[in-house]
Amino acid sequence: MSYLNLTLSLVFVLIPILLSKTLNLGLEKDTVIAVVRSTIQLLAVGFILHFVFNSKNYIYIILMIILMIVAATHNARKKGTSIQGITWKLVVTFIFIEILTQGILLGLQIVPPTAQYIIPISGMMIGNSMVLGILFLNRFTAELKNHQDQTELILSLGGTPKQAVHNQLVSAIKASTIPTIESQKTMGLVQLPGMMSGQIIAGADPVQAVQFQLLVLFLLLTTAVVTAILLGFLSYPTLFNERMQFLKERIQSE
Amino acid sequence: MEAAIRFEHVNYSINHLHILKNLSGIFPKGKITTLVGPSGAGKSTVFRLCNGLRSANTGKIFIHGKLITDYHPVDLRRNVGLALQSAPMIDGTVLENLQLPLQLQGKKLPESEAKHLLQLVGLDNSFLHHHANDLSGGQRQKVSIARTLVNRPKILLLDEITSALDRVSQQDIENLILRINEKFGTTILWITHNLQQALDVGDYTWVMMNGELVESGKTSLLESPTDDRVREFVKGDGTN
Ligand SMILES: Nc1ncnc2c1ncn2[C@@H]1O[C@H](COP(=O)(O)OP(=O)(O)O)[C@@H](O)[C@H]1O
Ligand SMILES: [Mg+2]
């Protein structure tokens with residue numbers, strides 16, 4: 001696609017802006033900000049990737065991944081939750097997800113060890129882990145708030161902190177991972193996944209595109225479940241002190 | 001008089017609110033002590049400290065002569081059983097609620113035992129498989145009492161356990177607690193809003209107000225209080 005064509009595609013930006021103006025929806029400013037940001041960010045990433053792919057140096061790949069983890073942590077922390085010390089827990093989770101998925105992919109030689117594979121797949125995994133992390137933490141804190149009485153009851157009967165939050169932990173893990181699992185059941189029926197569509201448009205063989213999409217879907221299952229479980233088990237101990245007392249106030253803020 | 005629980009200059013604050021103020025006193029071993037006083041006096045907080053759900057900021061609490069912090073929290077909580085004021089239920093049947101204390105230890109309460117417990121608190125066997133969320137306030141209180149008994153605690157903390165019960169059920173529970181006290185020598189601490197109940201069941205009484213212990217001693221002190229505030233409180237029939 002040429003830059004001229006890309007410029008012409010701005011028509012699709014004008015349509016919502018005009019509609020918003022006419023109907024007084026007040027969406028113009030955010031639309032413009034979104035367009036400017038996505039353009040700058042994606043072009044920058046494009047150039048960086050171009051550079052990284054050509055340099056063939058693993059240092060740059062690792063730097064890119066570190067950057068992704070920092071950005072994902074920043075984002076999740078901001079939108080996330082009131083659980084204390086969450087930053088390093090998110091970092092640990094993202095690093096674990098990255099090592100687990102890339103370790104298996106490269107270890108079993110499912111994909112070649114090149115930037116072309118490592119970087120996009122890492123991006124998808126860390127990005128999804130971030131979204132899932134936010135979903136999980138919101139759900140977990142909500143469950144804890146709604147079931148404070150049960151938590152305290154179990155502690156009062158001589159239960160451990162883990163027993164006291166077990167049900168809330170399981171509900172939150174389930175609730176946050178079910179959308180990932182459910183969405184895969186209708187995959188391909190209603191809409192084609194974005195990555196696969198992009199590959200097909202770029203001229204790839206559809207069957208090849210499907211193969212890669214399946215790989216990504218399977219990876220997302222691992223990412224979703226592992227993120228929720230890991231984050232859950234890293235988070236709940238901060239809600240208790242060494243006398244096994246439930247620190248309600250740690251989830252009360254906000 | 002031997003103390004089951006001893007408070008020495010206990011202070012407890014939360015969010016900069018001073019809730020218990022320099023509390024000192026004892027709960028005699030093997031006896032029934034009632035705790036009375038207006039809402040917000042800090043009675044439930046005393047129980048949370050005794051059961052180890054909270055820790056005092058300053059001061060000392062001794063359980064059977066040993067500093068409370070020298071107990072492992074799990075041992076402490078099994079030995080100092082607490083029936084919480086709100087009688088919370090876990091999501092499940094009455095049976096599952098009764099099985100909870102042993103389930104937490106990886107053991108299983110036989111259904112026959114559960115039936116026996118229901119009978120003790122005056123609830124029909126047919127409730128065993130009812131969902132706990134479907135119970136009335138009074139029925140929940142009965143299940144909560146039965147559940148607290150499962151660990152066979154040496155000290156029993158009862159937080160307004162009959163507040164939602166009718167007259168007859170209330171009397172049944174009072175008799176049950178008196179029997180447990182007599183048969184097992186269990187030390188009982190009982191928070192009640194009902195001064196008549198305090199007089200009926202209690203050997204000793206703590207009168208708390210505003211986070212302080214204003215009077216304590218034989219329950220008969222409620223009939224002739226020395227402190228003006230207590231006299232006012234008793235005149236208002238403990239309901240203010
Ligand atoms: N978690 C808490 N946060 C803030 N205040 C609390 C908390 N728990 C209890 N309190 C306050 O402590 C005081 C004593 O409460 P409580 O022990 O429940 O009194 P009682 O059982 O005598 O009615 C009340 O003023 C109550 O509002
Ligand atoms: Mg209370």
# chains A, B, ... in the order shown; residues from 1 in each chain; ligands from 1
call {"tool": "residues_near_ligand", "arguments": {"ligand": "ligand 2", "cutoff": "10 Å", "atoms": "only C-alpha atoms and all ligand atoms", "output": "PyMOL selection string"}}
result
chain B and resi 36-47+84-86+159-160+191-193
call {"tool": "write_last_selection", "arguments": {"atoms": "C-alpha atoms", "output": "mmCIF file, in the first residue's frame"}}
result
data_model
loop_
_atom_site.group_PDB
_atom_site.id
_atom_site.type_symbol
_atom_site.label_atom_id
_atom_site.label_comp_id
_atom_site.auth_asym_id
_atom_site.auth_seq_id
_atom_site.Cartn_x
_atom_site.Cartn_y
_atom_site.Cartn_z
ATOM 1 C CA VAL B 36 -23.333 -5.368 77.688
ATOM 2 C CA GLY B 37 -23.292 -1.763 76.573
ATOM 3 C CA PRO B 38 -24.613 0.496 73.864
ATOM 4 C CA SER B 39 -23.964 -0.159 70.173
ATOM 5 C CA GLY B 40 -20.532 0.951 69.129
ATOM 6 C CA ALA B 41 -19.097 0.480 72.629
ATOM 7 C CA GLY B 42 -16.449 -1.894 71.274
ATOM 8 C CA LYS B 43 -17.872 -5.243 72.393
ATOM 9 C CA SER B 44 -17.512 -7.004 69.048
ATOM 10 C CA THR B 45 -14.016 -5.564 68.757
ATOM 11 C CA VAL B 46 -13.071 -7.228 72.060
ATOM 12 C CA PHE B 47 -14.131 -10.558 70.529
ATOM 13 C CA LEU B 84 -19.858 -13.588 64.606
ATOM 14 C CA GLN B 85 -22.591 -11.010 65.116
ATOM 15 C CA SER B 86 -23.690 -11.115 61.470
ATOM 16 C CA ASP B 159 -21.837 -12.132 69.694
ATOM 17 C CA GLU B 160 -25.569 -11.347 69.991
ATOM 18 C CA ILE B 191 -22.478 -10.191 74.151
ATOM 19 C CA THR B 192 -26.150 -9.388 74.562
ATOM 20 C CA HIS B 193 -28.455 -6.441 74.190
#
call {"tool": "select_by_dssp", "arguments": {"residues": "segment 61-178 of chain A", "states": "alpha helix (DSSP H)", "output": "PyMOL selection string"}}
result
chain A and resi 61-79+86-107+115-146+148-156+161-178
call {"tool": "interface_residues", "arguments": {"of": "chain A", "to": "chain B", "cutoff": "8 Å", "atoms": "only C-alpha atoms", "output": "list in words"}}
result
Asp149, Gln150, Glu152, Leu153, Ile154, Leu155, Ser156, Leu157, Gly158, Gly159, Thr160, Gln163, Arg243, Met244, Gln245 and Phe246 of chain A
call {"tool": "write_last_selection", "arguments": {"atoms": "N, CA, C and O atoms", "output": "compact mmCIF listing (two decimals), in the first residue's frame"}}
result
# COMPACT_ATOMS: atom_id res chain seq x y z
N ASP A 149 -17.18 -10.92 54.65
CA ASP A 149 -17.73 -11.67 55.77
C ASP A 149 -17.27 -13.13 55.75
O ASP A 149 -16.89 -13.67 56.78
N GLN A 150 -17.33 -13.74 54.56
CA GLN A 150 -16.92 -15.14 54.45
C GLN A 150 -15.43 -15.29 54.70
O GLN A 150 -15.01 -16.26 55.33
N GLU A 152 -13.59 -13.46 56.62
CA GLU A 152 -13.38 -13.32 58.05
C GLU A 152 -13.91 -14.56 58.80
O GLU A 152 -13.28 -15.04 59.75
N LEU A 153 -15.03 -15.09 58.33
CA LEU A 153 -15.59 -16.28 58.96
C LEU A 153 -14.60 -17.44 58.91
O LEU A 153 -14.34 -18.11 59.91
N ILE A 154 -14.04 -17.67 57.73
CA ILE A 154 -13.13 -18.81 57.58
C ILE A 154 -11.88 -18.62 58.45
O ILE A 154 -11.44 -19.55 59.12
N LEU A 155 -11.37 -17.39 58.49
CA LEU A 155 -10.23 -17.13 59.37
C LEU A 155 -10.61 -17.39 60.82
O LEU A 155 -9.86 -18.02 61.57
N SER A 156 -11.81 -16.93 61.21
CA SER A 156 -12.22 -17.04 62.62
C SER A 156 -12.36 -18.50 63.04
O SER A 156 -12.25 -18.81 64.22
N LEU A 157 -12.61 -19.39 62.07
CA LEU A 157 -12.76 -20.81 62.40
C LEU A 157 -11.42 -21.54 62.35
O LEU A 157 -11.36 -22.76 62.52
N GLY A 158 -10.35 -20.81 62.08
CA GLY A 158 -9.04 -21.43 62.04
C GLY A 158 -8.58 -21.81 60.64
O GLY A 158 -7.74 -22.68 60.46
N GLY A 159 -9.16 -21.17 59.64
CA GLY A 159 -8.72 -21.39 58.26
C GLY A 159 -7.50 -20.53 57.95
O GLY A 159 -7.27 -19.52 58.61
N THR A 160 -6.74 -20.95 56.95
CA THR A 160 -5.56 -20.18 56.54
C THR A 160 -6.01 -19.08 55.57
O THR A 160 -7.10 -19.16 55.00
N GLN A 163 -7.16 -20.54 52.35
CA GLN A 163 -8.51 -21.11 52.42
C GLN A 163 -9.56 -20.00 52.45
O GLN A 163 -10.63 -20.12 51.87
N ARG A 243 0.06 -12.46 61.23
CA ARG A 243 -0.85 -13.06 62.20
C ARG A 243 -2.12 -13.59 61.51
O ARG A 243 -3.13 -13.83 62.16
N MET A 244 -2.04 -13.77 60.19
CA MET A 244 -3.18 -14.28 59.41
C MET A 244 -4.43 -13.42 59.59
O MET A 244 -5.55 -13.93 59.72
N GLN A 245 -4.21 -12.10 59.64
CA GLN A 245 -5.35 -11.19 59.75
C GLN A 245 -5.61 -10.57 58.39
O GLN A 245 -4.68 -10.23 57.66
N PHE A 246 -6.88 -10.44 58.06
CA PHE A 246 -7.30 -9.92 56.77
C PHE A 246 -7.19 -8.40 56.79
O PHE A 246 -7.81 -7.74 57.64
call {"tool": "atom_distance", "arguments": {"atom1": "atom CA of Ala146 of chain B", "atom2": "atom 9 (C, counted along the ligand's line) of ligand 1"}}
result
25.3 Å
call {"tool": "residues_around", "arguments": {"residues": "Leu195 of chain B", "least_positions_apart": "2", "cutoff": "10 Å", "atoms": "only C-alpha atoms", "output": "PyMOL selection string"}}
result
chain B and resi 34-37+192-193+197-200+219+222-223+234+237-239
call {"tool": "atom_distance", "arguments": {"atom1": "atom CA of Ser216 of chain B", "atom2": "atom CA of Leu176 of chain B"}}
result
24.8 Å
call {"tool": "residues_around", "arguments": {"residues": "Pro206 of chain A", "least_positions_apart": "5", "cutoff": "8 Å", "atoms": "only C-alpha atoms", "output": "list in words"}}
result
Met196, Gln199 and Ile200 of chain A
call {"tool": "residues_around", "arguments": {"residues": "Leu128 of chain B", "least_positions_apart": "3", "cutoff": "10 Å", "atoms": "only C-alpha atoms", "output": "list in words"}}
result
Thr93, Val94, Leu95, Glu96, Asn97, Leu98, Glu111, Ala114, Lys115, Leu118, Leu123, Asp124, Asn125, His131, Ala132 and Val143 of chain B
call {"tool": "select_by_dssp", "arguments": {"residues": "chain B", "states": "strand (DSSP E or B)", "output": "PyMOL selection string"}}
result
chain B and resi 3-14+17-28+32-36+58-63+66-67+80-83+93+131+155-159+187-191+204-209+212-218
call {"tool": "closest_residue", "arguments": {"among": "B:Ser220, B:Ser24, B:Asn210, B:Ser126", "to": "ligand 1", "atoms": "only C-alpha atoms and all ligand atoms"}}
result
B:Asn210
call {"tool": "atom_distance", "arguments": {"atom1": "atom CA of Glu242 of chain A", "atom2": "atom CA of Thr58 of chain B"}}
result
17.2 Å
call {"tool": "residues_around", "arguments": {"residues": "Met64 of chain A", "least_positions_apart": "5", "cutoff": "12 Å", "atoms": "only C-alpha atoms", "output": "MDAnalysis selection string"}}
result
chainID A and resid 45 48:49 51:53 57:59 69:71 115 118:120 122:123 126
call {"tool": "write_last_selection", "arguments": {"atoms": "N, CA, C and O atoms", "output": "compact mmCIF listing (two decimals), in the first residue's frame"}}
result
# COMPACT_ATOMS: atom_id res chain seq x y z
N VAL A 45 6.78 2.22 15.63
CA VAL A 45 7.04 0.79 15.81
C VAL A 45 7.48 0.16 14.50
O VAL A 45 8.42 -0.66 14.45
N ILE A 48 11.04 1.02 13.95
CA ILE A 48 11.90 0.30 14.90
C ILE A 48 12.02 -1.17 14.50
O ILE A 48 13.10 -1.74 14.45
N LEU A 49 10.87 -1.77 14.14
CA LEU A 49 10.89 -3.19 13.74
C LEU A 49 11.77 -3.38 12.51
O LEU A 49 12.56 -4.33 12.44
N PHE A 51 14.28 -1.69 11.66
CA PHE A 51 15.67 -1.60 12.11
C PHE A 51 16.09 -2.89 12.83
O PHE A 51 17.14 -3.48 12.54
N VAL A 52 15.22 -3.36 13.74
CA VAL A 52 15.55 -4.56 14.52
C VAL A 52 15.69 -5.78 13.61
O VAL A 52 16.62 -6.58 13.74
N PHE A 53 14.76 -5.91 12.64
CA PHE A 53 14.81 -7.06 11.75
C PHE A 53 16.10 -7.07 10.95
O PHE A 53 16.71 -8.12 10.73
N ASN A 57 20.32 -8.60 15.60
CA ASN A 57 21.02 -8.67 16.87
C ASN A 57 20.01 -8.93 18.00
O ASN A 57 19.04 -8.20 18.14
N TYR A 58 20.25 -9.98 18.78
CA TYR A 58 19.29 -10.38 19.80
C TYR A 58 19.11 -9.32 20.89
O TYR A 58 18.08 -9.26 21.54
N ILE A 59 20.15 -8.48 21.08
CA ILE A 59 20.05 -7.42 22.08
C ILE A 59 18.82 -6.54 21.81
O ILE A 59 18.05 -6.20 22.71
N ILE A 69 7.13 -4.98 28.19
CA ILE A 69 6.77 -5.34 29.56
C ILE A 69 6.60 -4.08 30.42
O ILE A 69 5.65 -3.98 31.20
N VAL A 70 7.49 -3.11 30.21
CA VAL A 70 7.38 -1.86 30.96
C VAL A 70 6.06 -1.16 30.63
O VAL A 70 5.31 -0.74 31.52
N ALA A 71 5.74 -1.08 29.34
CA ALA A 71 4.51 -0.41 28.92
C ALA A 71 3.28 -1.13 29.47
O ALA A 71 2.34 -0.51 29.98
N ALA A 115 13.57 -12.40 14.79
CA ALA A 115 12.80 -11.26 15.27
C ALA A 115 11.40 -11.24 14.65
O ALA A 115 10.42 -10.88 15.30
N ILE A 118 9.54 -13.70 16.91
CA ILE A 118 9.59 -13.47 18.36
C ILE A 118 8.85 -12.19 18.76
O ILE A 118 8.06 -12.18 19.69
N ILE A 119 9.10 -11.11 18.03
CA ILE A 119 8.54 -9.82 18.46
C ILE A 119 7.01 -9.74 18.34
O ILE A 119 6.34 -9.41 19.32
N PRO A 120 6.44 -10.07 17.19
CA PRO A 120 4.96 -9.98 17.14
C PRO A 120 4.28 -10.92 18.13
O PRO A 120 3.30 -10.54 18.78
N SER A 122 5.48 -12.08 20.97
CA SER A 122 5.67 -11.53 22.32
C SER A 122 4.68 -10.39 22.55
O SER A 122 4.06 -10.29 23.62
N GLY A 123 4.53 -9.54 21.57
CA GLY A 123 3.62 -8.41 21.70
C GLY A 123 2.20 -8.88 21.98
O GLY A 123 1.52 -8.35 22.87
N ILE A 126 2.11 -10.53 25.62
CA ILE A 126 2.20 -9.58 26.73
C ILE A 126 0.97 -8.67 26.74
O ILE A 126 0.41 -8.38 27.79
call {"tool": "closest_atom_pairs", "arguments": {"of": "chain A", "to": "ligand 1", "cutoff": "10 Å", "atoms": "only C-alpha atoms and all ligand atoms", "output": "JSON lines"}}
result
{"residue": "A:Leu247", "atom": "CA", "partner": "ligand 1", "partner_atom_place_in_ligand_line": "1 (N)", "distance": 9.6}
{"residue": "A:Lys248", "atom": "CA", "partner": "ligand 1", "partner_atom_place_in_ligand_line": "1 (N)", "distance": 7.7}
{"residue": "A:Glu249", "atom": "CA", "partner": "ligand 1", "partner_atom_place_in_ligand_line": "1 (N)", "distance": 8.0}
call {"tool": "residues_around", "arguments": {"residues": "Lys162 of chain A", "least_positions_apart": "4", "cutoff": "10 Å", "atoms": "only C-alpha atoms", "output": "list of chain:residue names"}}
result
A:Thr151, A:Ile154, A:Leu155, A:His166, A:Asn167, A:Leu169, A:Phe233, A:Tyr236, A:Pro237, A:Phe240, A:Met244
call {"tool": "closest_residue", "arguments": {"among": "B:Phe27, B:Phe7, B:Leu117, B:Asp172", "to": "Trp206 of chain B", "atoms": "only C-alpha atoms"}}
result
B:Phe27
